[in-house]
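Trainee: The following file, my_file-v7.cif, comprises mmCIF, C-alpha atoms:
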```cif
data_upload
loop_
_atom_site.group_PDB
_atom_site.id
_atom_site.type_symbol
_atom_site.label_atom_id
_atom_site.label_comp_id
_atom_site.auth_asym_id
_atom_site.auth_seq_id
_atom_site.Cartn_x
_atom_site.Cartn_y
_atom_site.Cartn_z
ATOM 1 C CA MET A 1 6.890 -16.884 -13.741
ATOM 2 C CA GLY A 2 5.087 -18.426 -16.705
ATOM 3 C CA ASP A 3 7.746 -21.123 -17.122
ATOM 4 C CA LEU A 4 7.497 -22.034 -13.443
ATOM 5 C CA LEU A 5 3.697 -22.176 -13.327
ATOM 6 C CA MET A 6 3.506 -24.225 -16.521
ATOM 7 C CA SER A 7 5.825 -26.716 -14.792
ATOM 8 C CA MET A 8 3.623 -27.098 -11.715
ATOM 9 C CA PRO A 9 1.055 -29.490 -13.295
ATOM 10 C CA ALA A 10 3.944 -31.907 -13.895
ATOM 11 C CA VAL A 11 5.160 -31.427 -10.319
ATOM 12 C CA ARG A 12 1.634 -32.152 -9.093
ATOM 13 C CA GLN A 13 1.552 -35.471 -10.954
ATOM 14 C CA ILE A 14 5.032 -36.413 -9.715
ATOM 15 C CA ARG A 15 3.856 -35.795 -6.157
ATOM 16 C CA SER A 16 0.714 -37.875 -6.756
ATOM 17 C CA ALA A 17 2.662 -40.772 -8.276
ATOM 18 C CA PHE A 18 5.317 -40.788 -5.540
ATOM 19 C CA PRO A 19 3.506 -39.623 -2.380
ATOM 20 C CA LYS A 20 6.325 -40.708 -0.052
ATOM 21 C CA ALA A 21 9.066 -39.006 -2.051
ATOM 22 C CA ASN A 22 10.755 -35.837 -0.857
ATOM 23 C CA VAL A 23 10.108 -33.359 -3.676
ATOM 24 C CA THR A 24 12.535 -30.438 -3.919
ATOM 25 C CA LEU A 25 12.068 -27.604 -6.411
ATOM 26 C CA LEU A 26 15.065 -25.667 -7.685
ATOM 27 C CA ILE A 27 13.718 -22.322 -8.923
ATOM 28 C CA HIS A 28 14.698 -18.692 -9.483
ATOM 29 C CA GLN A 29 15.032 -17.063 -6.069
ATOM 30 C CA ASP A 30 12.707 -14.181 -6.977
ATOM 31 C CA LEU A 31 9.838 -16.644 -7.502
ATOM 32 C CA GLU A 32 10.219 -18.469 -4.196
ATOM 33 C CA PRO A 33 7.455 -16.452 -2.432
ATOM 34 C CA LEU A 34 4.947 -17.558 -5.079
ATOM 35 C CA LEU A 35 5.255 -21.214 -3.979
ATOM 36 C CA GLU A 36 5.525 -20.666 -0.238
ATOM 37 C CA GLY A 37 3.691 -23.495 1.498
ATOM 38 C CA HIS A 38 2.771 -25.260 -1.745
ATOM 39 C CA PRO A 39 1.637 -28.815 -0.911
ATOM 40 C CA ASP A 40 3.431 -30.404 -3.872
ATOM 41 C CA ALA A 41 6.887 -29.273 -2.698
ATOM 42 C CA ASP A 42 8.636 -30.360 0.481
ATOM 43 C CA ARG A 43 11.446 -27.891 -0.033
ATOM 44 C CA ILE A 44 12.636 -25.115 -2.331
ATOM 45 C CA LEU A 45 16.239 -24.502 -3.384
ATOM 46 C CA PRO A 46 16.553 -20.877 -4.576
ATOM 47 C CA TRP A 47 18.809 -20.114 -7.531
ATOM 48 C CA ASP A 48 20.394 -16.685 -7.978
ATOM 49 C CA PRO A 49 21.444 -16.237 -11.645
ATOM 50 C CA ALA A 50 23.637 -13.306 -10.618
ATOM 51 C CA GLN A 51 26.080 -15.844 -9.149
ATOM 52 C CA GLY A 52 26.989 -16.918 -12.663
ATOM 53 C CA GLN A 53 26.202 -19.754 -15.044
ATOM 54 C CA GLY A 54 29.644 -20.833 -16.222
ATOM 55 C CA TRP A 55 31.915 -23.707 -15.210
ATOM 56 C CA ALA A 56 32.443 -22.358 -11.696
ATOM 57 C CA ALA A 57 28.676 -22.281 -11.129
ATOM 58 C CA MET A 58 28.310 -25.793 -12.555
ATOM 59 C CA LEU A 59 30.929 -27.109 -10.135
ATOM 60 C CA ARG A 60 29.417 -25.212 -7.207
ATOM 61 C CA TRP A 61 25.923 -26.528 -7.916
ATOM 62 C CA GLY A 62 27.293 -30.003 -8.582
ATOM 63 C CA ARG A 63 28.824 -30.073 -5.105
ATOM 64 C CA ALA A 64 25.665 -28.671 -3.518
ATOM 65 C CA LEU A 65 23.383 -31.190 -5.214
ATOM 66 C CA ARG A 66 25.740 -34.080 -4.414
ATOM 67 C CA ARG A 67 25.308 -33.323 -0.704
ATOM 68 C CA GLU A 68 21.548 -33.736 -1.096
ATOM 69 C CA ARG A 69 21.900 -37.306 -2.448
ATOM 70 C CA PHE A 70 18.959 -36.980 -4.830
ATOM 71 C CA ASP A 71 17.710 -40.158 -6.522
ATOM 72 C CA CYS A 72 16.234 -38.387 -9.552
ATOM 73 C CA ALA A 73 16.321 -34.981 -11.250
ATOM 74 C CA VAL A 74 13.555 -33.951 -13.654
ATOM 75 C CA ILE A 75 14.792 -30.903 -15.562
ATOM 76 C CA LEU A 76 11.726 -29.209 -17.006
ATOM 77 C CA ASN A 77 13.530 -26.084 -18.224
ATOM 78 C CA PRO A 78 16.746 -27.255 -19.890
ATOM 79 C CA THR A 79 19.995 -25.404 -19.221
ATOM 80 C CA ARG A 80 23.574 -26.484 -19.798
ATOM 81 C CA MET A 81 24.488 -25.483 -16.265
ATOM 82 C CA PHE A 82 21.953 -27.700 -14.519
ATOM 83 C CA HIS A 83 22.393 -30.606 -16.915
ATOM 84 C CA ALA A 84 26.092 -30.487 -16.034
ATOM 85 C CA ALA A 85 25.500 -29.875 -12.315
ATOM 86 C CA CYS A 86 23.168 -32.881 -12.013
ATOM 87 C CA ARG A 87 25.749 -35.048 -13.805
ATOM 88 C CA LEU A 88 28.531 -33.785 -11.550
ATOM 89 C CA ALA A 89 26.317 -34.451 -8.527
ATOM 90 C CA GLY A 90 26.078 -38.104 -9.520
ATOM 91 C CA ILE A 91 22.267 -38.113 -9.538
ATOM 92 C CA PRO A 92 21.555 -41.566 -10.996
ATOM 93 C CA VAL A 93 18.344 -40.729 -12.927
ATOM 94 C CA ARG A 94 18.453 -37.475 -14.902
ATOM 95 C CA VAL A 95 15.404 -36.726 -17.023
ATOM 96 C CA GLY A 96 14.797 -33.912 -19.508
ATOM 97 C CA TYR A 97 14.800 -32.652 -23.084
ATOM 98 C CA ARG A 98 17.525 -33.642 -25.531
ATOM 99 C CA ARG A 99 19.014 -30.172 -25.974
ATOM 100 C CA LYS A 100 21.491 -27.866 -24.243
ATOM 101 C CA TRP A 101 23.902 -30.712 -23.465
ATOM 102 C CA GLY A 102 21.091 -33.222 -23.244
ATOM 103 C CA PHE A 103 23.686 -35.984 -23.698
ATOM 104 C CA LEU A 104 24.356 -35.575 -19.953
ATOM 105 C CA LEU A 105 20.903 -36.935 -19.162
ATOM 106 C CA THR A 106 20.157 -40.605 -18.612
ATOM 107 C CA ARG A 107 16.609 -40.427 -20.024
ATOM 108 C CA SER A 108 15.485 -37.832 -22.522
ATOM 109 C CA ILE A 109 13.092 -36.942 -25.320
ATOM 110 C CA PRO A 110 13.604 -34.595 -28.286
ATOM 111 C CA ASP A 111 12.522 -30.999 -27.733
ATOM 112 C CA THR A 112 10.089 -30.411 -30.598
ATOM 113 C CA LYS A 113 8.043 -27.620 -28.993
ATOM 114 C CA GLN A 114 8.898 -25.102 -31.689
ATOM 115 C CA THR A 115 7.518 -27.326 -34.452
ATOM 116 C CA ARG A 116 4.168 -28.129 -32.816
ATOM 117 C CA GLU A 117 1.111 -26.242 -31.588
ATOM 118 C CA GLY A 118 0.591 -27.743 -28.130
ATOM 119 C CA HIS A 119 0.372 -26.157 -24.709
ATOM 120 C CA GLU A 120 3.478 -25.637 -22.585
ATOM 121 C CA ALA A 121 1.978 -27.534 -19.643
ATOM 122 C CA ASP A 122 1.319 -30.545 -21.892
ATOM 123 C CA TYR A 123 4.893 -30.456 -23.188
ATOM 124 C CA ASN A 124 6.216 -30.712 -19.627
ATOM 125 C CA LEU A 125 3.940 -33.674 -18.942
ATOM 126 C CA GLU A 126 5.565 -35.516 -21.851
ATOM 127 C CA LEU A 127 8.641 -36.060 -19.672
ATOM 128 C CA LEU A 128 6.730 -38.030 -17.042
ATOM 129 C CA PRO A 129 6.596 -41.408 -18.844
ATOM 130 C CA LEU A 130 10.404 -41.422 -18.552
ATOM 131 C CA ILE A 131 9.939 -42.000 -14.804
ATOM 132 C CA GLY A 132 6.984 -44.366 -15.132
ATOM 133 C CA ILE A 133 4.105 -41.909 -14.852
ATOM 134 C CA ARG A 134 1.184 -41.955 -17.278
ATOM 135 C CA PRO A 135 0.235 -38.259 -17.419
ATOM 136 C CA SER A 136 -3.311 -36.983 -17.149
ATOM 137 C CA ALA A 137 -4.752 -33.585 -18.094
ATOM 138 C CA PRO A 138 -2.789 -30.689 -16.555
ATOM 139 C CA VAL A 139 -4.223 -28.992 -13.469
ATOM 140 C CA LEU A 140 -2.769 -25.740 -12.114
ATOM 141 C CA GLU A 141 -3.564 -24.640 -8.567
ATOM 142 C CA LEU A 142 -1.961 -22.222 -6.117
ATOM 143 C CA PRO A 143 -3.471 -22.721 -2.645
ATOM 144 C CA VAL A 144 -4.183 -19.469 -0.791
ATOM 145 C CA ARG A 145 -3.705 -19.637 2.964
ATOM 146 C CA PRO A 146 -6.190 -17.763 5.205
ATOM 147 C CA GLU A 147 -3.579 -15.300 6.467
ATOM 148 C CA LYS A 148 -2.686 -14.336 2.897
ATOM 149 C CA GLU A 149 -6.342 -13.849 2.034
ATOM 150 C CA ALA A 150 -6.760 -11.611 5.077
ATOM 151 C CA ALA A 151 -3.692 -9.582 4.082
ATOM 152 C CA ALA A 152 -5.063 -9.117 0.553
ATOM 153 C CA LEU A 153 -8.371 -7.874 1.955
ATOM 154 C CA ARG A 154 -6.540 -5.408 4.197
ATOM 155 C CA LEU A 155 -4.576 -4.120 1.216
ATOM 156 C CA LEU A 156 -7.763 -3.557 -0.783
ATOM 157 C CA GLU A 157 -9.391 -1.888 2.205
ATOM 158 C CA SER A 158 -6.435 0.490 2.462
ATOM 159 C CA ARG A 159 -7.333 1.642 -1.053
ATOM 160 C CA GLY A 160 -10.990 2.057 -0.124
ATOM 161 C CA LEU A 161 -12.088 -1.021 -2.093
ATOM 162 C CA ARG A 162 -13.086 -3.632 0.470
ATOM 163 C CA ALA A 163 -16.727 -2.563 0.795
ATOM 164 C CA ALA A 164 -17.096 -1.997 -2.931
ATOM 165 C CA PRO A 165 -18.020 -4.680 -5.531
ATOM 166 C CA ARG A 166 -15.161 -7.031 -6.383
ATOM 167 C CA PRO A 167 -12.592 -5.118 -8.441
ATOM 168 C CA ALA A 168 -11.204 -5.911 -11.846
ATOM 169 C CA ALA A 169 -7.401 -6.117 -11.920
ATOM 170 C CA ILE A 170 -5.436 -4.555 -14.782
ATOM 171 C CA HIS A 171 -1.845 -5.583 -15.600
ATOM 172 C CA PRO A 172 -0.722 -3.488 -18.595
ATOM 173 C CA TRP A 173 3.013 -4.192 -18.385
ATOM 174 C CA THR A 174 5.281 -6.487 -20.362
ATOM 175 C CA SER A 175 8.988 -6.641 -21.084
ATOM 176 C CA ASN A 176 8.249 -7.537 -24.719
ATOM 177 C CA THR A 177 6.539 -4.716 -26.598
ATOM 178 C CA ALA A 178 5.754 -7.126 -29.455
ATOM 179 C CA LYS A 179 2.999 -8.650 -27.315
ATOM 180 C CA SER A 180 1.670 -5.430 -25.763
ATOM 181 C CA TRP A 181 -1.854 -4.068 -26.062
ATOM 182 C CA PRO A 182 -1.707 -0.248 -26.342
ATOM 183 C CA MET A 183 -1.628 1.676 -23.068
ATOM 184 C CA GLU A 184 -4.298 4.000 -24.473
ATOM 185 C CA SER A 185 -6.589 0.978 -24.872
ATOM 186 C CA PHE A 186 -5.966 -0.023 -21.252
ATOM 187 C CA ARG A 187 -6.791 3.542 -20.205
ATOM 188 C CA HIS A 188 -10.054 3.496 -22.168
ATOM 189 C CA LEU A 189 -10.910 0.078 -20.701
ATOM 190 C CA ILE A 190 -10.464 1.387 -17.149
ATOM 191 C CA ARG A 191 -12.842 4.274 -17.822
ATOM 192 C CA LEU A 192 -15.458 1.938 -19.308
ATOM 193 C CA LEU A 193 -15.272 -0.414 -16.325
ATOM 194 C CA GLU A 194 -15.534 2.369 -13.774
ATOM 195 C CA ASN A 195 -18.460 3.913 -15.665
ATOM 196 C CA SER A 196 -20.158 0.508 -15.377
ATOM 197 C CA GLY A 197 -19.691 0.470 -11.612
ATOM 198 C CA VAL A 198 -16.699 -1.887 -11.592
ATOM 199 C CA PRO A 199 -13.840 -0.721 -9.344
ATOM 200 C CA VAL A 200 -10.370 -1.153 -10.830
ATOM 201 C CA ILE A 201 -6.948 -1.904 -9.412
ATOM 202 C CA VAL A 202 -3.704 -1.759 -11.388
ATOM 203 C CA ILE A 203 -1.059 -4.311 -10.440
ATOM 204 C CA GLY A 204 2.599 -4.675 -11.358
ATOM 205 C CA GLY A 205 6.071 -5.037 -9.949
ATOM 206 C CA GLU A 206 8.403 -2.497 -8.412
ATOM 207 C CA GLU A 207 10.052 -2.126 -11.819
ATOM 208 C CA ASN A 208 6.787 -0.625 -13.116
ATOM 209 C CA ARG A 209 6.513 2.099 -10.466
ATOM 210 C CA THR A 210 8.056 4.906 -12.533
ATOM 211 C CA ALA A 211 5.856 4.172 -15.530
ATOM 212 C CA MET A 212 2.788 3.970 -13.280
ATOM 213 C CA ARG A 213 3.477 7.357 -11.730
ATOM 214 C CA GLU A 214 3.405 8.927 -15.208
ATOM 215 C CA TRP A 215 0.421 6.906 -16.426
ATOM 216 C CA LYS A 216 -1.636 7.486 -13.292
ATOM 217 C CA ARG A 217 -2.000 11.179 -14.104
ATOM 218 C CA SER A 218 -4.359 10.281 -16.951
ATOM 219 C CA LEU A 219 -6.425 7.741 -14.976
ATOM 220 C CA PRO A 220 -9.517 8.287 -12.830
ATOM 221 C CA GLY A 221 -8.586 9.175 -9.276
ATOM 222 C CA SER A 222 -10.594 6.242 -7.950
ATOM 223 C CA VAL A 223 -8.281 3.636 -9.530
ATOM 224 C CA GLY A 224 -6.470 1.572 -6.906
ATOM 225 C CA ASP A 225 -2.730 1.830 -7.554
ATOM 226 C CA LEU A 226 -1.113 -1.369 -6.273
ATOM 227 C CA VAL A 227 1.887 -1.293 -8.616
ATOM 228 C CA GLY A 228 4.913 -2.242 -6.554
ATOM 229 C CA GLN A 229 2.728 -2.321 -3.432
ATOM 230 C CA ALA A 230 1.884 -6.024 -3.233
ATOM 231 C CA PRO A 231 4.726 -8.539 -2.730
ATOM 232 C CA LEU A 232 4.777 -11.542 -5.046
ATOM 233 C CA GLY A 233 3.729 -13.877 -2.246
ATOM 234 C CA LEU A 234 0.486 -11.910 -1.905
ATOM 235 C CA LEU A 235 -0.385 -11.891 -5.613
ATOM 236 C CA PRO A 236 -2.410 -15.156 -5.639
ATOM 237 C CA ALA A 237 -4.532 -13.986 -2.712
ATOM 238 C CA LEU A 238 -5.014 -10.548 -4.269
ATOM 239 C CA LEU A 239 -6.110 -11.933 -7.633
ATOM 240 C CA LYS A 240 -8.447 -14.364 -5.896
ATOM 241 C CA GLN A 241 -10.354 -11.329 -4.592
ATOM 242 C CA CYS A 242 -10.839 -9.941 -8.115
ATOM 243 C CA ARG A 243 -13.723 -10.584 -10.492
ATOM 244 C CA ALA A 244 -11.290 -10.783 -13.439
ATOM 245 C CA LEU A 245 -7.789 -9.885 -14.591
ATOM 246 C CA VAL A 246 -7.102 -8.087 -17.875
ATOM 247 C CA SER A 247 -3.485 -8.407 -18.933
ATOM 248 C CA ASN A 248 -0.990 -8.757 -21.697
ATOM 249 C CA ASP A 249 0.407 -12.275 -22.057
ATOM 250 C CA SER A 250 2.425 -12.365 -18.822
ATOM 251 C CA GLY A 251 2.980 -14.273 -15.595
ATOM 252 C CA PRO A 252 0.024 -12.843 -13.602
ATOM 253 C CA VAL A 253 -2.361 -14.411 -16.162
ATOM 254 C CA HIS A 254 -1.257 -17.859 -14.973
ATOM 255 C CA VAL A 255 -1.469 -16.831 -11.314
ATOM 256 C CA ALA A 256 -5.086 -15.794 -11.918
ATOM 257 C CA ALA A 257 -5.798 -19.127 -13.594
ATOM 258 C CA ALA A 258 -4.223 -20.966 -10.649
ATOM 259 C CA VAL A 259 -6.595 -19.341 -8.123
ATOM 260 C CA GLY A 260 -9.742 -19.597 -10.259
ATOM 261 C CA THR A 261 -10.008 -15.950 -11.332
ATOM 262 C CA PRO A 262 -11.056 -15.385 -14.961
ATOM 263 C CA ALA A 263 -8.291 -13.915 -17.111
ATOM 264 C CA VAL A 264 -8.835 -11.817 -20.213
ATOM 265 C CA VAL A 265 -5.640 -11.820 -22.268
ATOM 266 C CA VAL A 266 -5.328 -8.967 -24.769
ATOM 267 C CA ALA A 267 -2.718 -9.227 -27.517
ATOM 268 C CA PRO A 268 -1.811 -7.943 -30.975
ATOM 269 C CA GLY A 269 -2.337 -10.198 -33.973
ATOM 270 C CA SER A 270 1.395 -10.800 -34.271
ATOM 271 C CA HIS A 271 1.306 -12.643 -30.927
ATOM 272 C CA ALA A 272 -1.701 -14.876 -31.619
ATOM 273 C CA ALA A 273 0.288 -18.002 -32.485
ATOM 274 C CA ALA A 274 2.349 -17.820 -29.289
ATOM 275 C CA LEU A 275 -0.818 -17.775 -27.197
ATOM 276 C CA ASN A 276 -1.695 -21.264 -28.406
ATOM 277 C CA ARG A 277 1.265 -22.435 -26.344
ATOM 278 C CA TRP A 278 1.061 -20.001 -23.436
ATOM 279 C CA ARG A 279 -2.671 -19.409 -22.947
ATOM 280 C CA PRO A 280 -3.978 -19.726 -19.362
ATOM 281 C CA LEU A 281 -5.142 -23.192 -18.386
ATOM 282 C CA GLY A 282 -8.852 -23.815 -17.899
ATOM 283 C CA GLU A 283 -12.174 -22.809 -19.396
ATOM 284 C CA LEU A 284 -12.697 -19.554 -17.483
ATOM 285 C CA HIS A 285 -10.466 -17.462 -19.661
ATOM 286 C CA ARG A 286 -10.742 -15.432 -22.842
ATOM 287 C CA ILE A 287 -8.118 -14.573 -25.467
ATOM 288 C CA LEU A 288 -8.782 -11.339 -27.389
ATOM 289 C CA ILE A 289 -6.665 -10.543 -30.436
ATOM 290 C CA ASP A 290 -6.515 -6.848 -31.416
ATOM 291 C CA PRO A 291 -9.684 -5.971 -29.449
ATOM 292 C CA ASP A 292 -10.979 -2.501 -28.783
ATOM 293 C CA ALA A 293 -11.595 -1.401 -25.202
ATOM 294 C CA ALA A 294 -15.345 -2.046 -25.425
ATOM 295 C CA GLN A 295 -14.734 -5.678 -26.375
ATOM 296 C CA ALA A 296 -12.343 -6.120 -23.458
ATOM 297 C CA ALA A 297 -14.829 -4.543 -21.037
ATOM 298 C CA ALA A 298 -17.595 -6.838 -22.317
ATOM 299 C CA ALA A 299 -15.308 -9.843 -21.804
ATOM 300 C CA VAL A 300 -14.694 -8.813 -18.195
ATOM 301 C CA MET A 301 -18.433 -8.657 -17.533
ATOM 302 C CA GLU A 302 -19.009 -11.970 -19.328
ATOM 303 C CA ARG A 303 -16.205 -13.797 -17.547
ATOM 304 C CA ALA A 304 -17.226 -12.485 -14.137
ATOM 305 C CA ALA A 305 -20.864 -13.432 -14.731
ATOM 306 C CA GLY A 306 -19.880 -16.932 -15.914
#
```
Produce structure tokens that represent the structure in this file.

Mentor:
Amino acid sequence: MGDLLMSMPAVRQIRSAFPKANVTLLIHQDLEPLLEGHPDADRILPWDPAQGQGWAAMLRWGRALRRERFDCAVILNPTRMFHAACRLAGIPVRVGYRRKWGFLLTRSIPDTKQTREGHEADYNLELLPLIGIRPSAPVLELPVRPEKEAAALRLLESRGLRAAPRPAAIHPWTSNTAKSWPMESFRHLIRLLENSGVPVIVIGGEENRTAMREWKRSLPGSVGDLVGQAPLGLLPALLKQCRALVSNDSGPVHVAAAVGTPAVVVAPGSHAAALNRWRPLGELHRILIDPDAAQAAAAVMERAAG
């Protein structure tokens, strides 16, 4: 999710530079609902990694892309399979980073991300001069359609939260424990927020349901449990209804940034350097390294007030 959303500022500038072009995004199939109806994409091609990534997949994708007769492919997330597939498809202009079989590209730049301290969105914009675009500052937006906003309000109402003050959203999950804030700190934060009159919802995917069932036993009964209850396509609308999101460094942080909701990112000191590259875009947000729960609660109040 983070990779995709950090690519969207580049997609936005491609759309602006070539307003009459037909822009197709090839993305992981699970993320397709997140970009439903996005104005910068005319079409989405979903990719299922379970179908393989070897030579057979390269040939299959090469044939599929050849039928589309694309004029240009901008490969923002380099993979051998799609470098090869775009070459096999005969796409005349193939743009990307000079790694993972980058010799198959027609225009490329070295991938020096690991040796610098820039932002991921800015790195993606560095590819645009290869197709004649002078990049400007990155802007990340996810439009929220009225029907999605109404559905998010109904979901909150079903948890008894619609008439209450705007809730704070908590996302305590991550697949990488090296960048996790302690669950006990999240628990303490929730109690502090509720004691201050701020309703709380906990969000997460279906894969977090089992952990949430165990964790919920130690939480106040008034906490809105939306873990596994909100489909990905509804997440932007749901976060737009929140006063702030508190989360580990994870995809929902960038969704919040894209809909204008302040994000408070909590992380251990060992993850501080990575956040220089993956911090949420914009000035609304706050990065807290090794905070206690009181500091995180204060940041929620400050961000919401600002």

Trainee: If the PyMOL selection byres ((chain A and resi 169-184) around 8) were run on this exact file, what residues would it hold? Put them as a PDB file with C-alpha atoms, in the frame of the given file.

Mentor:
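Just written: out.pdb:
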```pdb
ATOM      1  CA  PRO A 167     -12.592  -5.118  -8.441  1.00  0.00           C
ATOM      2  CA  ALA A 168     -11.204  -5.911 -11.846  1.00  0.00           C
ATOM      3  CA  SER A 185      -6.589   0.978 -24.872  1.00  0.00           C
ATOM      4  CA  PHE A 186      -5.966  -0.023 -21.252  1.00  0.00           C
ATOM      5  CA  ARG A 187      -6.791   3.542 -20.205  1.00  0.00           C
ATOM      6  CA  HIS A 188     -10.054   3.496 -22.168  1.00  0.00           C
ATOM      7  CA  VAL A 200     -10.370  -1.153 -10.830  1.00  0.00           C
ATOM      8  CA  ILE A 201      -6.948  -1.904  -9.412  1.00  0.00           C
ATOM      9  CA  VAL A 202      -3.704  -1.759 -11.388  1.00  0.00           C
ATOM     10  CA  ILE A 203      -1.059  -4.311 -10.440  1.00  0.00           C
ATOM     11  CA  GLY A 204       2.599  -4.675 -11.358  1.00  0.00           C
ATOM     12  CA  ASN A 208       6.787  -0.625 -13.116  1.00  0.00           C
ATOM     13  CA  LEU A 239      -6.110 -11.933  -7.633  1.00  0.00           C
ATOM     14  CA  CYS A 242     -10.839  -9.941  -8.115  1.00  0.00           C
ATOM     15  CA  ARG A 243     -13.723 -10.584 -10.492  1.00  0.00           C
ATOM     16  CA  ALA A 244     -11.290 -10.783 -13.439  1.00  0.00           C
ATOM     17  CA  LEU A 245      -7.789  -9.885 -14.591  1.00  0.00           C
ATOM     18  CA  VAL A 246      -7.102  -8.087 -17.875  1.00  0.00           C
ATOM     19  CA  SER A 247      -3.485  -8.407 -18.933  1.00  0.00           C
ATOM     20  CA  ASN A 248      -0.990  -8.757 -21.697  1.00  0.00           C
ATOM     21  CA  ASP A 249       0.407 -12.275 -22.057  1.00  0.00           C
ATOM     22  CA  SER A 250       2.425 -12.365 -18.822  1.00  0.00           C
ATOM     23  CA  PRO A 252       0.024 -12.843 -13.602  1.00  0.00           C
ATOM     24  CA  VAL A 266      -5.328  -8.967 -24.769  1.00  0.00           C
ATOM     25  CA  ALA A 267      -2.718  -9.227 -27.517  1.00  0.00           C
ATOM     26  CA  PRO A 268      -1.811  -7.943 -30.975  1.00  0.00           C
ATOM     27  CA  SER A 270       1.395 -10.800 -34.271  1.00  0.00           C
ATOM     28  CA  HIS A 271       1.306 -12.643 -30.927  1.00  0.00           C
ATOM     29  CA  ASP A 290      -6.515  -6.848 -31.416  1.00  0.00           C
TER      30      ASP A 290
END
```

Trainee: Carefully work through the PyMOL selection byres ((chain A and resi 85) around 7) for this structure and note down the residues it includes, as a ChimeraX atom specification.

Mentor: /A:58-59,61-62,81-84,86-89

Trainee: Just give me the gap between atom CA of Ala273 of chain A and atom CA of Lys100 of chain A in Å, one decimal is fine.

Mentor: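 Computing the Euclidean distance for atom CA of Ala273 of chain A and atom CA of Lys100 of chain A yields 24.8 Å.
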
Trainee: Please indicate the distance in Å from atom CA of Val144 of chain A to atom CA of Ala237 of chain A, rounded to one decimal place.

Mentor: 5.8 Å

Trainee: Go through segment 93-200 of chain A and flag each residue having an atom no more than 12 Å from segment 40-54 of chain A; for those, report the closest pair of atoms plus their distance in Å to one decimal, using all atoms listed in the file, ordered by chain and rising number, as a tab-separated table.

Mentor:
```
residue	atom	partner	partner_atom	distance
A:Leu140	CA	A:Asp40	CA	11.3
A:Glu141	CA	A:Asp40	CA	10.2
A:Leu142	CA	A:Asp40	CA	10.1
A:Pro143	CA	A:Asp40	CA	10.4
```

Trainee: Distance atom CA of Leu76 of chain A-atom CA of Tyr97 of chain A, one decimal place?

Mentor: 7.6 Å

Trainee: As a check of understanding, name the residues that the PyMOL selection byres ((chain A and resi 91) around 8) selects in the supplied structure, as a PyMOL selection string.

Mentor: chain A and resi 66+69-73+86-90+92-94

Trainee: So which residues touch His119 of chain A within 10 Å, counting all atoms listed in the file, skipping near sequence neighbours fewer than 5 positions away, as a list in words?

Mentor: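 Contacts, with the query itself left out: Met6, Lys113, Asn124, Pro138, Ala274, Leu275, Asn276, Arg277, Trp278, Arg279, Pro280 and Leu281 of chain A.
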
Trainee: Store the residues picked out above in a file with C-alpha atoms, as a PDB file, keeping the file's coordinate frame.

Mentor:
```
ATOM      1  CA  MET A   6       3.506 -24.225 -16.521  1.00  0.00           C
ATOM      2  CA  LYS A 113       8.043 -27.620 -28.993  1.00  0.00           C
ATOM      3  CA  ASN A 124       6.216 -30.712 -19.627  1.00  0.00           C
ATOM      4  CA  PRO A 138      -2.789 -30.689 -16.555  1.00  0.00           C
ATOM      5  CA  ALA A 274       2.349 -17.820 -29.289  1.00  0.00           C
ATOM      6  CA  LEU A 275      -0.818 -17.775 -27.197  1.00  0.00           C
ATOM      7  CA  ASN A 276      -1.695 -21.264 -28.406  1.00  0.00           C
ATOM      8  CA  ARG A 277       1.265 -22.435 -26.344  1.00  0.00           C
ATOM      9  CA  TRP A 278       1.061 -20.001 -23.436  1.00  0.00           C
ATOM     10  CA  ARG A 279      -2.671 -19.409 -22.947  1.00  0.00           C
ATOM     11  CA  PRO A 280      -3.978 -19.726 -19.362  1.00  0.00           C
ATOM     12  CA  LEU A 281      -5.142 -23.192 -18.386  1.00  0.00           C
TER      13      LEU A 281
END
```

Trainee: Find, counting all atoms listed in the file, the residue in A:Lys240, A:Arg209, A:Glu147, A:Pro33 that gets nearest to Gly228 of chain A.

Mentor: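 Nearest candidate to Gly228 of chain A out of A:Lys240, A:Arg209, A:Glu147, A:Pro33: A:Arg209.
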
Trainee: Calculated over all atoms listed in the file, which of the candidates A:Arg116, A:Pro39, A:Leu26, A:Leu189 has the smallest distance to Ala64 of chain A?

Mentor: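 Under the stated criterion, the closest residue is A:Leu26.
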
Trainee: Can you tell me which residues surround Arg99 of chain A at a distance of at most 10 Å, considering all atoms listed in the file, apart from same-chain residues fewer than 6 positions away, and format the answer as number ranges by chain?

Mentor: A: 78-80, 83, 105, 108-111
